[in-house]
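To be precise, the following lines are query.pdb, and they hold PDB, C-alpha atoms.
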ATOM      1  CA  MET A1229     139.051 168.317 158.168
ATOM      2  CA  ILE A1230     136.383 166.077 156.611
ATOM      3  CA  ARG A1231     137.275 162.429 157.246
ATOM      4  CA  ALA A1232     134.145 160.672 155.963
ATOM      5  CA  VAL A1233     131.020 161.364 153.914
ATOM      6  CA  LEU A1234     127.763 159.414 153.747
ATOM      7  CA  PRO A1235     124.815 160.618 151.611
ATOM      8  CA  LEU A1236     121.564 159.459 153.227
ATOM      9  CA  PHE A1237     118.023 160.035 151.999
ATOM     10  CA  LEU A1238     114.933 159.535 154.143
ATOM     11  CA  VAL A1239     112.375 157.538 152.142
ATOM     12  CA  GLU A1240     108.861 157.004 153.442
ATOM     13  CA  ASN A1241     105.926 155.129 151.915
ATOM     14  CA  PHE A1242     103.413 152.454 152.862
ATOM     15  CA  ILE A1243     105.612 149.585 151.593
ATOM     16  CA  LEU A1244     109.022 150.538 152.992
ATOM     17  CA  LYS A1245     107.488 152.510 155.859
ATOM     18  CA  ARG A1246     110.623 154.528 156.702
ATOM     19  CA  ALA A1247     114.169 153.904 155.547
ATOM     20  CA  LEU A1248     117.454 155.730 155.090
ATOM     21  CA  ILE A1249     119.007 154.900 151.718
ATOM     22  CA  SER A1250     122.359 155.799 150.212
ATOM     23  CA  SER A1251     121.429 156.552 147.465
ATOM     24  CA  PRO A1252     117.861 155.890 146.227
ATOM     25  CA  PHE A1253     117.263 155.208 142.508
ATOM     26  CA  ALA A1254     121.024 154.827 142.092
ATOM     27  CA  VAL A1255     123.530 152.002 141.805
ATOM     28  CA  TYR A1256     126.258 153.395 144.052
ATOM     29  CA  GLY A1257     126.266 155.039 147.453
ATOM     30  CA  GLY A1258     127.638 154.148 150.843
ATOM     31  CA  ILE A1259     130.430 155.526 152.986
ATOM     32  CA  LEU A1260     133.497 157.333 151.692
ATOM     33  CA  ALA A1261     136.152 157.471 154.426
ATOM     34  CA  ASN A1262     139.912 157.881 154.669
ATOM     35  CA  SER A1263     140.283 155.458 157.606
ATOM     36  CA  ASP A1264     138.529 152.603 159.345
ATOM     37  CA  GLU A1265     138.089 154.812 162.403
ATOM     38  CA  ALA A1266     136.249 157.441 160.350
ATOM     39  CA  ARG A1267     134.121 154.784 158.646
ATOM     40  CA  GLN A1268     133.060 153.314 161.989
ATOM     41  CA  ALA A1269     132.327 156.756 163.404
ATOM     42  CA  ILE A1270     130.063 157.803 160.559
ATOM     43  CA  SER A1271     128.357 154.406 160.668
ATOM     44  CA  ALA A1272     127.583 154.913 164.360
ATOM     45  CA  GLU A1273     126.149 158.331 163.566
ATOM     46  CA  ALA A1274     123.989 156.835 160.808
ATOM     47  CA  ARG A1275     122.636 154.255 163.248
ATOM     48  CA  ARG A1276     121.925 156.992 165.804
ATOM     49  CA  LEU A1277     120.099 159.045 163.184
ATOM     50  CA  GLY A1278     118.152 155.991 162.031
ATOM     51  CA  ALA A1279     116.988 155.255 165.577
ATOM     52  CA  GLU A1280     116.049 158.909 166.081
ATOM     53  CA  LEU A1281     113.985 158.928 162.875
ATOM     54  CA  GLY A1282     112.412 155.550 163.609
ATOM     55  CA  VAL A1283     113.461 153.923 160.339
ATOM     56  CA  GLN A1284     113.136 150.227 159.585
ATOM     57  CA  TYR A1285     116.639 149.947 158.138
ATOM     58  CA  ILE A1286     119.569 151.800 156.584
ATOM     59  CA  GLU A1287     120.693 150.671 153.136
ATOM     60  CA  LEU A1288     124.260 151.375 152.016
ATOM     61  CA  ARG A1289     124.855 150.747 148.304
ATOM     62  CA  GLY A1290     128.590 150.447 148.275
ATOM     63  CA  GLY A1291     130.616 149.920 145.147
ATOM     64  CA  HIS A1292     133.713 148.573 146.974
ATOM     65  CA  ARG A1293     134.350 146.286 149.934
ATOM     66  CA  GLU A1294     136.272 149.109 151.625
ATOM     67  CA  GLN A1295     132.997 151.022 152.032
ATOM     68  CA  ILE A1296     131.128 148.506 154.158
ATOM     69  CA  ILE A1297     131.012 148.251 157.946
ATOM     70  CA  GLY A1298     130.835 144.507 158.498
ATOM     71  CA  GLU A1299     129.877 141.923 155.900
ATOM     72  CA  PRO A1300     127.723 142.619 152.814
ATOM     73  CA  ASN A1301     124.301 141.042 153.392
ATOM     74  CA  VAL A1302     122.761 141.806 149.984
ATOM     75  CA  ASP A1303     124.411 139.859 147.164
ATOM     76  CA  ARG A1304     121.903 140.221 144.336
ATOM     77  CA  TYR A1305     123.826 142.653 142.153
ATOM     78  CA  ALA A1306     126.985 142.867 140.091
ATOM     79  CA  THR A1307     128.396 145.303 137.578
ATOM     80  CA  PHE A1308     130.647 144.654 134.588
ATOM     81  CA  THR A1309     133.581 146.669 133.270
ATOM     82  CA  LYS A1310     135.786 146.322 130.212
ATOM     83  CA  LEU A1311     139.135 147.885 129.396
ATOM     84  CA  LEU A1312     139.058 149.817 126.137
ATOM     85  CA  SER A1313     141.325 150.206 123.146
ATOM     86  CA  ASP A1314     141.493 152.949 120.527
ATOM     87  CA  ASN A1315     142.204 150.248 117.945
ATOM     88  CA  GLU A1316     139.079 148.569 116.576
ATOM     89  CA  GLU A1317     140.930 145.408 115.603
ATOM     90  CA  ALA A1318     142.211 145.067 119.164
ATOM     91  CA  LEU A1319     138.706 145.677 120.499
ATOM     92  CA  MET A1320     137.240 142.975 118.269
ATOM     93  CA  ALA A1321     140.010 140.550 119.260
ATOM     94  CA  SER A1322     139.252 141.141 122.948
ATOM     95  CA  LEU A1323     135.712 139.809 122.542
ATOM     96  CA  PRO A1324     134.951 136.128 123.151
ATOM     97  CA  MET A1325     134.483 134.170 119.937
ATOM     98  CA  LYS A1326     130.695 133.883 120.172
ATOM     99  CA  MET A1327     130.270 137.595 120.876
ATOM    100  CA  ARG A1328     132.647 138.456 118.014
ATOM    101  CA  LYS A1329     130.409 136.467 115.698
ATOM    102  CA  ASN A1330     127.287 138.241 116.985
ATOM    103  CA  VAL A1331     128.916 141.655 116.617
ATOM    104  CA  ARG A1332     129.894 140.970 113.012
ATOM    105  CA  ARG A1333     126.328 139.918 112.257
ATOM    106  CA  ALA A1334     125.008 143.121 113.857
ATOM    107  CA  LEU A1335     127.464 145.230 111.853
ATOM    108  CA  ARG A1336     126.076 143.815 108.609
ATOM    109  CA  THR A1337     122.755 145.541 109.328
ATOM    110  CA  PRO A1338     122.744 149.180 108.128
ATOM    111  CA  PHE A1339     122.248 150.734 111.569
ATOM    112  CA  THR A1340     123.106 154.346 112.236
ATOM    113  CA  MET A1341     123.980 155.770 115.643
ATOM    114  CA  ARG A1342     122.738 159.185 116.714
ATOM    115  CA  ILE A1343     124.951 160.645 119.462
ATOM    116  CA  GLY A1344     124.341 163.468 121.916
ATOM    117  CA  CYS A1345     120.542 163.489 121.785
ATOM    118  CA  ARG A1346     118.857 165.911 124.158
ATOM    119  CA  GLU A1347     115.296 164.930 123.257
ATOM    120  CA  ILE A1348     114.358 161.804 125.187
ATOM    121  CA  ASP A1349     110.948 160.783 123.796
ATOM    122  CA  GLU A1350     112.254 157.793 121.829
ATOM    123  CA  PHE A1351     114.647 156.752 124.576
ATOM    124  CA  GLU A1352     111.867 156.891 127.167
ATOM    125  CA  ARG A1353     109.555 154.848 124.934
ATOM    126  CA  ILE A1354     112.105 152.078 124.448
ATOM    127  CA  HIS A1355     113.369 152.127 128.026
ATOM    128  CA  SER A1356     109.876 151.938 129.550
ATOM    129  CA  THR A1357     108.989 149.028 127.253
ATOM    130  CA  THR A1358     112.185 147.218 128.248
ATOM    131  CA  MET A1359     111.479 147.790 131.940
ATOM    132  CA  ARG A1360     107.948 146.458 131.508
ATOM    133  CA  ARG A1361     109.351 143.319 129.874
ATOM    134  CA  LEU A1362     111.672 142.867 132.865
ATOM    135  CA  GLY A1363     108.774 143.295 135.274
ATOM    136  CA  THR A1364     109.835 146.687 136.655
ATOM    137  CA  PRO A1365     107.993 150.048 136.671
ATOM    138  CA  CYS A1366     109.491 152.837 134.558
ATOM    139  CA  PHE A1367     110.795 156.265 135.503
ATOM    140  CA  PRO A1368     108.918 159.430 134.497
ATOM    141  CA  LYS A1369     110.130 161.317 131.461
ATOM    142  CA  GLN A1370     110.928 164.322 133.658
ATOM    143  CA  TYR A1371     113.502 162.233 135.544
ATOM    144  CA  PHE A1372     115.603 161.702 132.421
ATOM    145  CA  LYS A1373     115.183 165.326 131.375
ATOM    146  CA  ALA A1374     116.497 166.408 134.780
ATOM    147  CA  ILE A1375     119.556 164.143 134.429
ATOM    148  CA  LEU A1376     120.484 165.660 131.079
ATOM    149  CA  ARG A1377     119.823 169.176 132.332
ATOM    150  CA  HIS A1378     121.913 168.908 135.490
ATOM    151  CA  PHE A1379     124.784 166.751 134.199
ATOM    152  CA  GLY A1380     125.279 168.704 130.969
ATOM    153  CA  ASP A1381     128.020 167.249 128.780
ATOM    154  CA  MET A1382     128.740 164.560 131.405
ATOM    155  CA  ALA A1383     125.664 162.686 130.156
ATOM    156  CA  ASP A1384     124.022 161.979 126.835
ATOM    157  CA  VAL A1385     121.387 159.871 125.090
ATOM    158  CA  ARG A1386     122.283 157.721 122.078
ATOM    159  CA  GLU A1387     119.871 156.190 119.592
ATOM    160  CA  VAL A1388     120.307 153.272 117.204
ATOM    161  CA  ILE A1389     118.269 153.846 114.039
ATOM    162  CA  HIS A1390     117.144 151.235 111.545
ATOM    163  CA  GLN A1391     114.901 152.054 108.592
ATOM    164  CA  ASP A1392     114.078 155.478 110.076
ATOM    165  CA  ARG A1393     113.008 153.965 113.401
ATOM    166  CA  VAL A1394     114.784 154.118 116.767
ATOM    167  CA  VAL A1395     115.279 150.470 117.736
ATOM    168  CA  ALA A1396     117.658 150.814 120.723
ATOM    169  CA  ALA A1397     118.735 153.657 122.981
ATOM    170  CA  SER A1398     120.893 154.371 126.009
ATOM    171  CA  LEU A1399     121.556 157.099 128.558
ATOM    172  CA  ASN A1400     125.236 157.326 129.457
ATOM    173  CA  PHE A1401     127.513 159.131 131.893
ATOM    174  CA  PHE A1402     131.141 160.163 131.340
ATOM    175  CA  PHE A1403     133.420 160.527 134.346
ATOM    176  CA  ARG A1404     137.154 160.202 135.000
ATOM    177  CA  GLY A1405     138.003 158.143 131.959
ATOM    178  CA  THR A1406     135.000 155.852 132.167
ATOM    179  CA  MET A1407     131.885 155.733 130.029
ATOM    180  CA  HIS A1408     128.971 154.382 132.053
ATOM    181  CA  CYS A1409     125.976 152.939 130.185
ATOM    182  CA  TYR A1410     123.449 153.553 132.945
ATOM    183  CA  TYR A1411     120.040 153.063 131.301
ATOM    184  CA  ALA A1412     119.461 151.179 128.064
ATOM    185  CA  GLY A1413     116.859 149.267 126.115
ATOM    186  CA  ALA A1414     116.068 147.796 122.722
ATOM    187  CA  ASP A1415     112.928 147.164 120.692
ATOM    188  CA  GLN A1416     112.209 143.444 120.994
ATOM    189  CA  ASP A1417     110.575 143.397 117.554
ATOM    190  CA  TYR A1418     114.053 143.852 116.040
ATOM    191  CA  ASN A1419     115.905 141.222 118.065
ATOM    192  CA  THR A1420     116.781 139.207 114.952
ATOM    193  CA  VAL A1421     119.065 142.003 113.673
ATOM    194  CA  ARG A1422     120.692 142.550 117.109
ATOM    195  CA  PRO A1423     120.354 146.311 117.692
ATOM    196  CA  ASN A1424     121.397 145.880 121.332
ATOM    197  CA  THR A1425     124.625 144.156 120.291
ATOM    198  CA  PHE A1426     125.347 146.885 117.769
ATOM    199  CA  MET A1427     124.674 149.608 120.356
ATOM    200  CA  TYR A1428     127.052 148.230 122.976
ATOM    201  CA  TYR A1429     129.771 147.524 120.440
ATOM    202  CA  ASP A1430     129.463 151.038 119.040
ATOM    203  CA  HIS A1431     129.719 152.438 122.582
ATOM    204  CA  LEU A1432     132.900 150.430 123.201
ATOM    205  CA  ARG A1433     134.370 151.494 119.876
ATOM    206  CA  TRP A1434     133.490 155.178 120.323
ATOM    207  CA  ALA A1435     134.659 155.363 123.944
ATOM    208  CA  GLY A1436     138.039 153.817 123.138
ATOM    209  CA  GLN A1437     138.572 156.140 120.186
ATOM    210  CA  HIS A1438     137.706 159.192 122.310
ATOM    211  CA  GLY A1439     140.211 158.604 125.079
ATOM    212  CA  PHE A1440     138.150 156.677 127.605
ATOM    213  CA  LYS A1441     139.967 153.844 129.364
ATOM    214  CA  THR A1442     137.074 151.846 130.806
ATOM    215  CA  PHE A1443     133.508 151.060 129.846
ATOM    216  CA  GLU A1444     130.983 150.119 132.514
ATOM    217  CA  PHE A1445     128.026 148.050 131.348
ATOM    218  CA  GLY A1446     126.049 148.810 134.483
ATOM    219  CA  ARG A1447     124.427 146.912 137.318
ATOM    220  CA  SER A1448     122.402 143.757 136.751
ATOM    221  CA  LYS A1449     120.720 141.246 138.994
ATOM    222  CA  LYS A1450     122.500 137.912 139.076
ATOM    223  CA  GLY A1451     120.938 135.161 137.031
ATOM    224  CA  THR A1452     118.968 137.463 134.726
ATOM    225  CA  GLY A1453     119.150 137.885 130.954
ATOM    226  CA  PRO A1454     120.933 141.277 131.146
ATOM    227  CA  PHE A1455     123.478 139.753 133.559
ATOM    228  CA  GLU A1456     124.305 136.983 131.080
ATOM    229  CA  PHE A1457     124.410 139.406 128.130
ATOM    230  CA  LYS A1458     126.980 141.643 129.841
ATOM    231  CA  ARG A1459     129.034 138.699 131.065
ATOM    232  CA  HIS A1460     129.777 137.591 127.498
ATOM    233  CA  TRP A1461     131.601 140.740 126.335
ATOM    234  CA  GLY A1462     134.951 139.759 127.840
ATOM    235  CA  THR A1463     134.138 141.856 130.882
ATOM    236  CA  GLU A1464     135.314 141.773 134.469
ATOM    237  CA  MET A1465     132.492 141.206 136.936
ATOM    238  CA  HIS A1466     132.444 143.196 140.184
ATOM    239  CA  GLU A1467     130.011 142.096 142.875
ATOM    240  CA  LEU A1468     128.366 145.062 144.576
ATOM    241  CA  PRO A1469     128.703 144.752 148.365
ATOM    242  CA  TYR A1470     125.442 146.280 149.478
ATOM    243  CA  GLU A1471     124.862 146.382 153.218
ATOM    244  CA  VAL A1472     121.618 146.786 155.159
ATOM    245  CA  LEU A1473     121.849 147.944 158.777
ATOM    246  CA  LEU A1474     118.719 146.812 160.584
ATOM    247  CA  VAL A1475     117.153 149.306 162.973
ATOM    248  CA  ARG A1476     113.521 148.337 163.643
ATOM    249  CA  LYS A1477     113.203 145.630 161.026
ATOM    250  CA  LYS A1478     114.296 142.126 162.045
ATOM    251  CA  GLU A1479     115.213 140.717 158.623
ATOM    252  CA  VAL A1480     116.978 142.135 155.571
ATOM    253  CA  PRO A1481     114.227 143.264 153.157
ATOM    254  CA  ASN A1482     114.057 142.374 149.471
ATOM    255  CA  TYR A1483     111.915 144.709 147.395
ATOM    256  CA  SER A1484     113.455 143.641 144.079
ATOM    257  CA  PRO A1485     111.834 141.501 141.342
ATOM    258  CA  THR A1486     113.830 138.529 142.697
ATOM    259  CA  ASN A1487     111.398 138.361 145.624
ATOM    260  CA  LYS A1488     109.047 135.453 144.921
ATOM    261  CA  ASN A1489     106.210 137.299 146.673
ATOM    262  CA  PHE A1490     106.162 139.725 143.746
ATOM    263  CA  GLY A1491     105.780 136.939 141.160
ATOM    264  CA  LEU A1492     102.085 137.494 140.413
ATOM    265  CA  ALA A1493     102.451 141.279 140.296
ATOM    266  CA  ILE A1494     105.376 140.964 137.871
ATOM    267  CA  ARG A1495     103.420 138.639 135.572
ATOM    268  CA  VAL A1496     100.501 141.080 135.544
ATOM    269  CA  TRP A1497     102.843 144.008 134.900
ATOM    270  CA  ARG A1498     104.487 142.295 131.939
ATOM    271  CA  ASN A1499     101.096 141.808 130.295
ATOM    272  CA  LEU A1500      99.849 145.368 130.696
ATOM    273  CA  PRO A1501      99.453 147.412 127.515
ATOM    274  CA  PRO A1502     102.573 149.589 127.116
ATOM    275  CA  VAL A1503     100.552 152.804 127.281
ATOM    276  CA  VAL A1504      99.107 151.757 130.654
ATOM    277  CA  ALA A1505     102.522 150.726 132.046
ATOM    278  CA  ARG A1506     104.025 154.066 130.983
ATOM    279  CA  ALA A1507     101.159 155.950 132.618
ATOM    280  CA  ILE A1508     101.254 154.299 136.036
ATOM    281  CA  GLY A1509     104.896 153.155 136.173
ATOM    282  CA  PRO A1510     106.311 156.485 137.426
ATOM    283  CA  ARG A1511     103.872 156.413 140.360
ATOM    284  CA  LEU A1512     104.802 152.866 141.321
ATOM    285  CA  ILE A1513     108.570 153.194 141.012
ATOM    286  CA  ARG A1514     108.573 155.803 143.758
ATOM    287  CA  LEU A1515     107.682 153.001 146.146
ATOM    288  CA  PHE A1516     110.856 151.043 145.298
ATOM    289  CA  PRO A1517     113.790 153.471 145.378
TER     290      PRO A1517
END
Step by step, read the file and then write its structure as structure tokens.
Amino acid sequence: MIRAVLPLFLVENFILKRALISSPFAVYGGILANSDEARQAISAEARRLGAELGVQYIELRGGHREQIIGEPNVDRYATFTKLLSDNEEALMASLPMKMRKNVRRALRTPFTMRIGCREIDEFERIHSTTMRRLGTPCFPKQYFKAILRHFGDMADVREVIHQDRVVAASLNFFFRGTMHCYYAGADQDYNTVRPNTFMYYDHLRWAGQHGFKTFEFGRSKKGTGPFEFKRHWGTEMHELPYEVLLVRKKEVPNYSPTNKNFGLAIRVWRNLPPVVARAIGPRLIRLFP
């Protein structure tokens, strides 16, 4: 009988050196166990494997406190969820007053939403530009194509269109009554008409009307613009209890944009021409899984 499961990926490059990560390029990972005894046993095996492979550390990206071994020692991230309603009036009433006002303004713009897109050129363009603005390298186009190919109708791309131009887009997952907005971005040139606000409201409205019970806005780093944006939708914040088990390394690493040592690199990245960032971003992001 299987008592515990832990997906681990061996990552190796000149920055991380060697690490075991559960799971790279993803928000959630960590141990799934049906008892504390099983959780401790699989943790001990992970440590043994890490020592055998000579890794610097083991990173467990848990979504719940029950998944961790000791105490979470990475507290940079949180995710936001919102209960849904199939009644649009109830949905609007559940929003804080300021967000309600912003949503009504966004709804006055004649946006259209295109659902179930399988072509990802426009999504990739907007997402890579958004990532550049946030100081983070972008994923390759093939990565998003692979997601849509392998997840089938459990994933889709949605585009917000204004005056025949895609001005916001998202890639979403659908699982067990929850719609997850996993990757998203908006064209900054259209900020005054709030395409991002329209997109998230339309997602909430659509998900509630199609039988979903919960909407997940996705992970954000604390203290950032996206964190504040998601916090103001009447959401419930869930801190993500990530845990790093040190093997050879002496201190918990921080390879995120919150690391002050990356400040200059981030400023340079934000000022690169978009075409250059899109060309070299997929090579760089492999170094920070």
Non-local contacts of stretch 1302-1309 of chain A (8 Å; all atoms listed in the file; under 6 positions in same chain excluded) as an MDAnalysis selection string: chainID A and resid 1442:1450 1458:1459 1463:1472
Explicit residue set for the PyMOL selection byres ((chain A and resi 1287) around 8), as a PyMOL selection string: chain A and resi 1247-1250+1285-1286+1288-1289+1470-1473
Selection: 8 Å around A:Trp1497, all atoms listed in the file, excl. self and same-chain fewer than 6 positions, as number ranges by chain: A: 1360, 1363-1364, 1505
Given all atoms listed in the file as the counted atoms, nearest of A:Ser1398, A:Asn1315, A:Thr1406, A:Gln1268 to A:Ser1356: A:Ser1398
Interatomic distance, atom CA of A:Gln1295 to atom CA of A:Thr1486 (Å, one decimal): 24.7 Å
Residues near A:Leu1323, cut-off 9 Å, only C-alpha atoms, skip fewer than 6 positions along chain, as a PyMOL selection string: chain A and resi 1460-1463
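Among the candidates A:Asp1430, A:Val1255, A:Gln1391, A:Leu1399, the residue lying nearest to A:Leu1376 is A:Leu1399 (atoms considered: all atoms listed in the file).
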Ground truth for the PyMOL selection byres ((chain A and resi 1382) around 8), written as a ChimeraX atom specification: /A:1379-1381,1383-1384,1401-1403
Near-A:Asn1424 list (12 Å; all atoms listed in the file; drop same-chain fewer than 6 positions) as a PyMOL selection string: chain A and resi 1330-1331+1333-1335+1339+1341+1354+1358+1386-1390+1394-1398+1412-1418+1430-1431+1454+1457-1458
Now that the selection is made, can you save its residues with C-alpha atoms as a PDB file, in the coordinates of the input?
ATOM      1  CA  ASN A1330     127.287 138.241 116.985  1.00  0.00           C
ATOM      2  CA  VAL A1331     128.916 141.655 116.617  1.00  0.00           C
ATOM      3  CA  ARG A1333     126.328 139.918 112.257  1.00  0.00           C
ATOM      4  CA  ALA A1334     125.008 143.121 113.857  1.00  0.00           C
ATOM      5  CA  LEU A1335     127.464 145.230 111.853  1.00  0.00           C
ATOM      6  CA  PHE A1339     122.248 150.734 111.569  1.00  0.00           C
ATOM      7  CA  MET A1341     123.980 155.770 115.643  1.00  0.00           C
ATOM      8  CA  ILE A1354     112.105 152.078 124.448  1.00  0.00           C
ATOM      9  CA  THR A1358     112.185 147.218 128.248  1.00  0.00           C
ATOM     10  CA  ARG A1386     122.283 157.721 122.078  1.00  0.00           C
ATOM     11  CA  GLU A1387     119.871 156.190 119.592  1.00  0.00           C
ATOM     12  CA  VAL A1388     120.307 153.272 117.204  1.00  0.00           C
ATOM     13  CA  ILE A1389     118.269 153.846 114.039  1.00  0.00           C
ATOM     14  CA  HIS A1390     117.144 151.235 111.545  1.00  0.00           C
ATOM     15  CA  VAL A1394     114.784 154.118 116.767  1.00  0.00           C
ATOM     16  CA  VAL A1395     115.279 150.470 117.736  1.00  0.00           C
ATOM     17  CA  ALA A1396     117.658 150.814 120.723  1.00  0.00           C
ATOM     18  CA  ALA A1397     118.735 153.657 122.981  1.00  0.00           C
ATOM     19  CA  SER A1398     120.893 154.371 126.009  1.00  0.00           C
ATOM     20  CA  ALA A1412     119.461 151.179 128.064  1.00  0.00           C
ATOM     21  CA  GLY A1413     116.859 149.267 126.115  1.00  0.00           C
ATOM     22  CA  ALA A1414     116.068 147.796 122.722  1.00  0.00           C
ATOM     23  CA  ASP A1415     112.928 147.164 120.692  1.00  0.00           C
ATOM     24  CA  GLN A1416     112.209 143.444 120.994  1.00  0.00           C
ATOM     25  CA  ASP A1417     110.575 143.397 117.554  1.00  0.00           C
ATOM     26  CA  TYR A1418     114.053 143.852 116.040  1.00  0.00           C
ATOM     27  CA  ASP A1430     129.463 151.038 119.040  1.00  0.00           C
ATOM     28  CA  HIS A1431     129.719 152.438 122.582  1.00  0.00           C
ATOM     29  CA  PRO A1454     120.933 141.277 131.146  1.00  0.00           C
ATOM     30  CA  PHE A1457     124.410 139.406 128.130  1.00  0.00           C
ATOM     31  CA  LYS A1458     126.980 141.643 129.841  1.00  0.00           C
TER      32      LYS A1458
END
Please put the answer as lines of an AutoDock Vina configuration file: centre and edge lengths, in Å with one decimal, of a box along x, y and z that encloses all listed atoms of stretch 1466-1472 of chain A plus 5 Å on each side.
center_x = 127.0
center_y = 144.4
center_z = 147.7
size_x = 20.8
size_y = 14.7
size_z = 25.0
Nearest candidate to A:Phe1440 (options A:Lys1329, A:Arg1267, A:Arg1498, A:Arg1404; using only C-alpha atoms): A:Arg1404
Among the residues A:Gly1290, A:Pro1501, A:Gly1453, A:Pro1510, the one that comes closest to A:Thr1357 [using all atoms listed in the file]: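 Going through A:Gly1290, A:Pro1501, A:Gly1453, A:Pro1510 one by one, the smallest distance to A:Thr1357 is for A:Pro1501.
The space between atom CA of A:Leu1311 and atom CA of A:Lys1441 spans 6.0 Å.
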Separation of atom CA of A:Lys1373 from atom CA of A:Ile1348, in Å and rounded to one decimal: 7.2 Å
Selection under test: the PyMOL selection byres ((chain A and resi 1231) around 7); residues as a list in words: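 That expression, the PyMOL selection byres ((chain A and resi 1231) around 7), corresponds here to Met1229, Ile1230, Ala1232, Ala1261, Asn1262 and Ala1266 of chain A.
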